[in-house]
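Engineer: coords_31.csv is reproduced below (CSV, C-alpha atoms).
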```
chain,number,residue,atom,x,y,z
A,1,MET,CA,0.0,0.0,0.0
A,2,LEU,CA,2.8,2.4,0.9
A,3,LEU,CA,4.6,1.5,-2.4
A,4,TYR,CA,1.4,2.3,-4.3
A,5,LYS,CA,1.1,5.7,-2.5
A,6,ASN,CA,4.8,6.5,-3.3
A,7,ARG,CA,4.3,5.7,-7.0
A,8,LEU,CA,1.1,7.8,-7.1
A,9,ALA,CA,2.9,10.7,-5.6
A,10,TYR,CA,5.8,10.2,-8.0
A,11,TYR,CA,3.4,10.2,-11.0
A,12,PHE,CA,1.6,13.3,-9.7
A,13,VAL,CA,4.9,15.3,-9.2
A,14,THR,CA,6.1,14.2,-12.6
A,15,SER,CA,2.9,15.1,-14.4
A,16,PHE,CA,2.8,18.5,-12.6
A,17,SER,CA,6.4,19.2,-13.5
A,18,PHE,CA,5.7,18.3,-17.1
A,19,ILE,CA,2.6,20.5,-17.3
A,20,LEU,CA,4.4,23.4,-15.6
A,21,GLY,CA,7.3,23.1,-17.9
A,22,CYS,CA,5.1,23.1,-21.0
A,23,THR,CA,3.1,26.1,-19.7
A,24,LEU,CA,6.3,28.1,-19.0
A,25,MET,CA,7.7,27.2,-22.4
A,26,LEU,CA,4.5,28.3,-24.2
A,27,PHE,CA,4.5,31.5,-22.2
A,28,PHE,CA,8.1,32.1,-23.2
A,29,LEU,CA,7.4,31.5,-26.9
A,30,HIS,CA,4.4,33.7,-26.8
A,31,THR,CA,6.1,36.7,-25.2
A,32,ILE,CA,9.5,36.4,-26.9
A,33,THR,CA,9.5,34.3,-30.0
A,34,LEU,CA,6.0,34.7,-31.3
A,35,LYS,CA,5.2,38.2,-30.2
A,36,PRO,CA,3.9,40.5,-33.0
A,37,ASN,CA,6.4,42.3,-35.1
A,38,THR,CA,7.0,45.9,-33.9
A,39,PRO,CA,8.4,48.6,-36.0
A,40,SER,CA,12.2,48.9,-35.7
A,41,ASN,CA,14.1,52.2,-35.6
A,42,GLU,CA,17.4,50.6,-36.6
A,43,ASN,CA,17.0,51.8,-40.2
A,44,ARG,CA,15.5,55.1,-39.4
A,45,ILE,CA,17.4,58.2,-40.6
A,46,LYS,CA,17.7,61.0,-38.1
A,47,LEU,CA,18.8,63.6,-40.7
A,48,LEU,CA,18.4,63.4,-44.4
A,49,VAL,CA,20.7,65.9,-46.2
A,50,LEU,CA,19.8,67.0,-49.7
A,51,VAL,CA,22.7,68.8,-51.4
A,52,LEU,CA,21.5,70.7,-54.5
A,53,SER,CA,24.2,70.4,-57.1
A,54,SER,CA,24.7,70.7,-60.9
A,55,ILE,CA,26.1,68.2,-63.3
A,56,GLN,CA,29.3,70.2,-63.8
A,57,ASN,CA,30.1,70.5,-60.1
A,58,ARG,CA,31.8,67.1,-59.7
A,59,ILE,CA,34.8,68.7,-57.8
A,60,GLN,CA,32.4,70.2,-55.2
A,61,ARG,CA,30.7,66.8,-54.7
A,62,ASP,CA,33.9,64.9,-54.3
A,63,THR,CA,35.2,67.5,-51.9
A,64,ILE,CA,32.1,67.1,-49.7
A,65,ARG,CA,32.4,63.3,-49.9
A,66,GLU,CA,35.9,63.6,-48.6
A,67,THR,CA,35.1,66.1,-45.8
A,68,TRP,CA,31.9,66.7,-44.0
A,69,ALA,CA,29.9,63.9,-45.7
A,70,GLN,CA,31.7,61.4,-43.5
A,71,ALA,CA,28.6,61.2,-41.3
A,72,THR,CA,27.2,58.9,-38.7
A,73,ASP,CA,24.9,55.9,-39.3
A,74,ASP,CA,21.7,57.9,-38.7
A,75,VAL,CA,22.6,60.5,-41.4
A,76,LYS,CA,22.1,60.1,-45.1
A,77,ILE,CA,23.5,62.5,-47.7
A,78,LEU,CA,22.2,62.8,-51.3
A,79,PHE,CA,23.3,65.1,-54.1
A,80,VAL,CA,20.3,66.4,-56.0
A,81,ILE,CA,21.1,66.7,-59.7
A,82,SER,CA,18.9,67.0,-62.8
A,83,LYS,CA,18.8,64.0,-65.1
A,84,ASP,CA,21.8,63.8,-67.4
A,85,GLU,CA,23.6,61.0,-69.2
A,86,PHE,CA,27.0,62.2,-68.0
A,87,LEU,CA,26.0,61.1,-64.5
A,88,ILE,CA,26.1,57.4,-65.3
A,89,ALA,CA,29.8,57.0,-64.5
A,90,GLU,CA,29.6,58.9,-61.3
A,91,LYS,CA,26.6,56.9,-60.1
A,92,LEU,CA,28.5,53.7,-60.7
A,93,VAL,CA,31.1,54.8,-58.2
A,94,ASN,CA,29.0,56.7,-55.7
A,95,ASP,CA,25.6,55.7,-54.3
A,96,ASP,CA,24.6,59.1,-53.1
A,97,ILE,CA,23.1,60.8,-56.2
A,98,LEU,CA,19.4,61.6,-56.4
A,99,VAL,CA,18.4,62.3,-60.0
A,100,VAL,CA,15.3,64.4,-60.4
A,101,ASP,CA,13.3,65.1,-63.6
A,102,ALA,CA,13.7,68.9,-63.5
A,103,GLU,CA,15.6,71.2,-65.7
A,104,GLU,CA,18.8,72.9,-64.6
A,105,GLY,CA,18.9,76.7,-64.2
A,106,TYR,CA,19.0,79.2,-61.3
A,107,ARG,CA,15.4,80.4,-62.1
A,108,LEU,CA,14.2,76.8,-61.9
A,109,LEU,CA,15.7,75.9,-58.5
A,110,THR,CA,12.3,75.8,-56.8
A,111,ARG,CA,11.0,73.1,-59.2
A,112,LYS,CA,14.2,71.1,-58.7
A,113,LEU,CA,13.8,71.4,-54.9
A,114,ILE,CA,10.1,70.3,-55.0
A,115,ALA,CA,11.0,67.4,-57.2
A,116,SER,CA,13.6,66.3,-54.7
A,117,PHE,CA,11.1,66.5,-51.8
A,118,SER,CA,8.7,64.3,-53.8
A,119,SER,CA,11.5,61.7,-54.4
A,120,VAL,CA,12.3,61.3,-50.7
A,121,CYS,CA,8.9,61.1,-49.1
A,122,ASN,CA,9.1,57.4,-48.8
A,123,ILE,CA,12.4,57.4,-46.9
A,124,ASP,CA,12.1,57.0,-43.2
A,125,PHE,CA,13.6,60.1,-41.7
A,126,ASP,CA,13.0,62.7,-38.9
A,127,TYR,CA,14.4,65.9,-40.4
A,128,LEU,CA,15.6,67.1,-43.8
A,129,LEU,CA,18.5,69.5,-44.3
A,130,LYS,CA,18.6,71.3,-47.6
A,131,CYS,CA,21.9,72.9,-48.6
A,132,ASP,CA,24.0,73.7,-51.6
A,133,ASP,CA,27.3,72.1,-52.8
A,134,ASP,CA,29.2,75.2,-51.7
A,135,SER,CA,28.0,74.9,-48.1
A,136,PHE,CA,30.0,73.4,-45.3
A,137,VAL,CA,27.9,71.5,-42.8
A,138,ASN,CA,28.9,70.5,-39.2
A,139,ILE,CA,26.9,67.3,-39.2
A,140,PRO,CA,27.6,66.2,-35.6
A,141,LEU,CA,26.7,69.6,-34.2
A,142,ILE,CA,23.4,69.7,-36.1
A,143,VAL,CA,22.4,66.2,-35.1
A,144,ASN,CA,23.2,67.0,-31.5
A,145,GLU,CA,21.0,70.1,-31.7
A,146,LEU,CA,18.1,68.2,-33.3
A,147,GLU,CA,18.0,65.9,-30.3
A,148,HIS,CA,16.2,68.7,-28.4
A,149,MET,CA,14.0,70.0,-31.2
A,150,PRO,CA,10.3,69.2,-32.0
A,151,LYS,CA,9.6,66.6,-34.7
A,152,LYS,CA,6.5,68.3,-36.0
A,153,ARG,CA,6.1,71.7,-37.8
A,154,PHE,CA,9.8,72.4,-37.4
A,155,TYR,CA,11.5,75.0,-39.7
A,156,TRP,CA,15.1,75.9,-38.6
A,157,GLY,CA,17.7,78.1,-40.2
A,158,TYR,CA,19.1,81.6,-40.5
A,159,PHE,CA,16.0,83.7,-41.1
A,160,ASP,CA,15.8,87.0,-43.0
A,161,GLY,CA,12.7,89.0,-42.2
A,162,ASN,CA,13.9,92.3,-43.6
A,163,ALA,CA,14.5,91.5,-47.3
A,164,ASN,CA,13.4,94.2,-49.7
A,165,VAL,CA,11.2,93.3,-52.6
A,166,LYS,CA,13.3,93.5,-55.8
A,167,LYS,CA,11.9,96.0,-58.2
A,168,ARG,CA,14.6,95.8,-60.9
A,169,GLY,CA,17.4,93.6,-62.1
A,170,LYS,CA,17.5,89.8,-62.6
A,171,PHE,CA,15.6,89.2,-59.3
A,172,LYS,CA,12.8,91.6,-60.3
A,173,GLU,CA,9.5,90.6,-58.6
A,174,ILE,CA,6.5,92.2,-60.3
A,175,GLU,CA,3.7,90.1,-58.8
A,176,TRP,CA,4.5,90.6,-55.1
A,177,VAL,CA,1.7,92.7,-53.5
A,178,LEU,CA,1.6,91.7,-49.9
A,179,CYS,CA,3.9,94.4,-48.5
A,180,ASP,CA,7.2,96.1,-49.1
A,181,ARG,CA,9.2,93.2,-47.5
A,182,TYR,CA,9.4,89.5,-48.2
A,183,LEU,CA,7.9,87.3,-45.5
A,184,PRO,CA,10.6,85.9,-43.1
A,185,TYR,CA,12.3,82.9,-44.6
A,186,ALA,CA,15.4,80.8,-43.9
A,187,LEU,CA,18.3,81.5,-46.3
A,188,GLY,CA,18.8,78.8,-48.9
A,189,GLY,CA,22.4,78.0,-48.0
A,190,GLY,CA,21.1,75.6,-45.4
A,191,TYR,CA,17.8,75.0,-43.4
A,192,VAL,CA,16.1,72.1,-41.7
A,193,LEU,CA,12.5,70.9,-42.1
A,194,SER,CA,10.7,68.2,-40.2
A,195,LYS,CA,9.3,65.4,-42.3
A,196,ASP,CA,5.7,66.4,-41.8
A,197,LEU,CA,6.4,69.8,-43.5
A,198,ILE,CA,8.1,68.0,-46.4
A,199,ILE,CA,5.0,65.8,-46.9
A,200,TYR,CA,2.8,68.9,-46.6
A,201,ILE,CA,4.7,70.8,-49.3
A,202,VAL,CA,4.6,67.8,-51.6
A,203,LYS,CA,0.9,67.2,-51.2
A,204,ASN,CA,0.2,70.9,-51.8
A,205,ARG,CA,2.7,71.5,-54.6
A,206,ASP,CA,0.0,72.1,-57.2
A,207,TYR,CA,-1.3,75.0,-55.1
A,208,LEU,CA,2.1,76.7,-54.7
A,209,ARG,CA,3.5,79.3,-57.0
A,210,TYR,CA,7.1,78.6,-58.2
A,211,VAL,CA,8.9,81.9,-58.4
A,212,ASP,CA,12.2,82.8,-60.0
A,213,HIS,CA,14.5,83.0,-57.0
A,214,SER,CA,13.6,79.8,-55.0
A,215,VAL,CA,11.0,81.4,-52.8
A,216,ILE,CA,7.6,79.7,-52.4
A,217,LYS,CA,4.6,81.8,-51.9
A,218,TYR,CA,0.9,80.9,-51.7
A,219,GLU,CA,-1.5,82.1,-54.3
```
Here is a file; write its structure as structure tokens.
Structural biologist:
Amino acid sequence: MLLYKNRLAYYFVTSFSFILGCTLMLFFLHTITLKPNTPSNENRIKLLVLVLSSIQNRIQRDTIRETWAQATDDVKILFVISKDEFLIAEKLVNDDILVVDAEEGYRLLTRKLIASFSSVCNIDFDYLLKCDDDSFVNIPLIVNELEHMPKKRFYWGYFDGNANVKKRGKFKEIEWVLCDRYLPYALGGGYVLSKDLIIYIVKNRDYLRYVDHSVIKYE
């Protein structure tokens, strides 16, 4: 009788241990292995830099590649250039060229900029820095400053709120009627926009007026 009770206790303990082990294993698989996929920030770009350049400015692009473009993993730098067959060789060597379907020309810079914004909307980034190929950018300093900045409705740069409306010369503006000064805007040598503003500009590009000297004004 005692042997029977010992065997019964042994079977009970063994079964309980087996059930407990299976339960713990299923819980572990559910919480660790089989948990739903969550978005990863590993491939997210903190700062996307668009450098507006021209086909003939290869020296400027190579200089940037060898200097301030040596950025961190969360920064991506692209040179924005209008479509041209002479870019084929450079693209084979460098994976940093964004070709846009927009004509070259100083008076067409706004169209080129909007085209570049449209091309990068699907890239996962927080901020976009627009600059020119004659600009020098302190990437680590800017990234550090952006850590403390808002990620929505953010427009950052060196602002000019006292620019006179040009009445003559190659920058002549005959359709400006709001006031005797241009509205405050960040100078084109370098400014930062949060991604929501990039998306807003792209979605509303058909309602914007493209003016000669890279200033966007609403109708």
Engineer: Quick one: everything within 12 Å of Asn122 in chain A, counting only C-alpha atoms, minus sequence neighbours fewer than 4 positions away in the same chain. Send it as a ChimeraX atom specification.
Structural biologist: /A:44-45,48,116-118,126,195-196,198-199,202
Engineer: To one decimal in Å, tell me the separation between CA of Phe79 in chain A and CA of Ile97 in chain A.
Structural biologist: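 Rounded to one decimal, the two atoms are 4.8 Å apart.
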Engineer: Neighbouring residues of Glu145 in chain A were defined as those with any atom within 12 Å, considering all atoms listed in the file; residues of the same chain fewer than 3 positions away were excluded. Please report them as an MDAnalysis selection string.
Structural biologist: chainID A and resid 46:47 127 138:142 148:150 156 192
Engineer: Using CA of Ala163 in chain A and CA of Thr110 in chain A as the two end points, give the distance in Å to one decimal.
Structural biologist: 18.5 Å
Engineer: Kindly give the distance, in Å, that separates CA of Gln56 in chain A and CA of Glu104 in chain A, rounded to a single decimal.
Structural biologist: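 For CA of Gln56 in chain A relative to CA of Glu104 in chain A, the distance reads 10.9 Å.
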Engineer: Using all atoms listed in the file, which of the listed residues (A:Lys151, A:Ile174, A:Ile88, A:Thr67) sits closest to Phe125 in chain A?
Structural biologist: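 Under the stated criterion, the closest residue is A:Lys151.
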Engineer: With 12 Å as the cut-off and all atoms listed in the file counted, what is the closest atom pair between each nearby residue of range 109-162 of chain A and range 58-66 of chain A? Distances in Å to one decimal, ordered by chain and number, as CSV.
Structural biologist:
```
residue,atom,partner,partner_atom,distance
A:Cys131,CA,A:Ile64,CA,11.8
A:Asp132,CA,A:Gln60,CA,9.8
A:Asp133,CA,A:Gln60,CA,5.9
A:Asp134,CA,A:Gln60,CA,6.9
A:Ser135,CA,A:Ile64,CA,9.0
A:Phe136,CA,A:Ile64,CA,8.0
A:Val137,CA,A:Ile64,CA,9.2
A:Asn138,CA,A:Ile64,CA,11.5
A:Ile139,CA,A:Ile64,CA,11.7
```
Engineer: Hey, what's within 8 Å of Leu183 in chain A if we count only C-alpha atoms and toss same-chain stuff fewer than 2 positions away? As an mmCIF file with C-alpha atoms, keeping the file's coordinate frame, please?
Structural biologist:
```cif
data_model
loop_
_atom_site.group_PDB
_atom_site.id
_atom_site.type_symbol
_atom_site.label_atom_id
_atom_site.label_comp_id
_atom_site.auth_asym_id
_atom_site.auth_seq_id
_atom_site.Cartn_x
_atom_site.Cartn_y
_atom_site.Cartn_z
ATOM 1 C CA GLY A 161 12.700 89.000 -42.200
ATOM 2 C CA ARG A 181 9.200 93.200 -47.500
ATOM 3 C CA TYR A 185 12.300 82.900 -44.600
#
```
Engineer: When you count only C-alpha atoms, which of these residues is closest to Val100 in chain A: A:Ser194, A:Lys170, A:Leu113, A:Asp74?
Structural biologist: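 So, comparing all the options, the nearest one is A:Leu113.
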